Amino acid sequence: MITRTKSIAAEADALSVLSAPWATALERSLHWISGWRPTTAFHLVYSESSILFESHIMDTLRGVRTGDLGDLSPTQFRRVSELQCDTVKEENAMTEELSEWQGRCQRASWWLYGH
């Protein structure tokens, strides 16, 4: 039942399923540790729109709109790209902060257990 519910939700809004708003803080941390980043969604958008654009190239040249990601305009791509750049900056800041925490924890454990 849960899988079916998630499947229906993914059809309606795939990014909300990928961000897993129902996940606990631990689960979100594990997503981050395992490599899931918000920018992963941008890679999915770029890949999907490229595939759809190529598959509908003849329709596009005739001016037929398909209503999917292949129809993104240059302006829309630019806006997505700007959002991706901002997201990468935020991810990098978070990664740096997490690295600092990890370094402090290592120094603290060395101090506690190294002496």
# chains A, B, ... in the order shown; residues from 1 in each chain; ligands from 1
$ residues_around --residues "region 85-87 of chain A" --least-positions-apart "3" --cutoff "12 Å" --atoms "only C-alpha atoms" --output "number ranges by chain"
A: 37-42, 78-82, 90-94
$ select_by_dssp --residues "chain A" --states "helix (DSSP H, G or I)" --output "VMD selection string"
chain A and resid 2 to 12 14 to 19 25 to 33 39 to 55 57 to 61 69 to 71 74 to 113
$ closest_residue --among "A:Leu112, A:Ile33, A:Leu69, A:Met58" --to "Leu98 (chain A)" --atoms "only C-alpha atoms"
A:Ile33
$ residues_around --residues "Arg28 (chain A)" --least-positions-apart "6" --cutoff "12 Å" --atoms "only C-alpha atoms" --output "PyMOL selection string"
chain A and resi 18-22+34-38
$ atom_distance --atom1 "CA of Val88 (chain A)" --atom2 "CA of His43 (chain A)"
12.0 Å
$ atom_distance --atom1 "CA of Val64 (chain A)" --atom2 "CA of Ser49 (chain A)"
15.7 Å
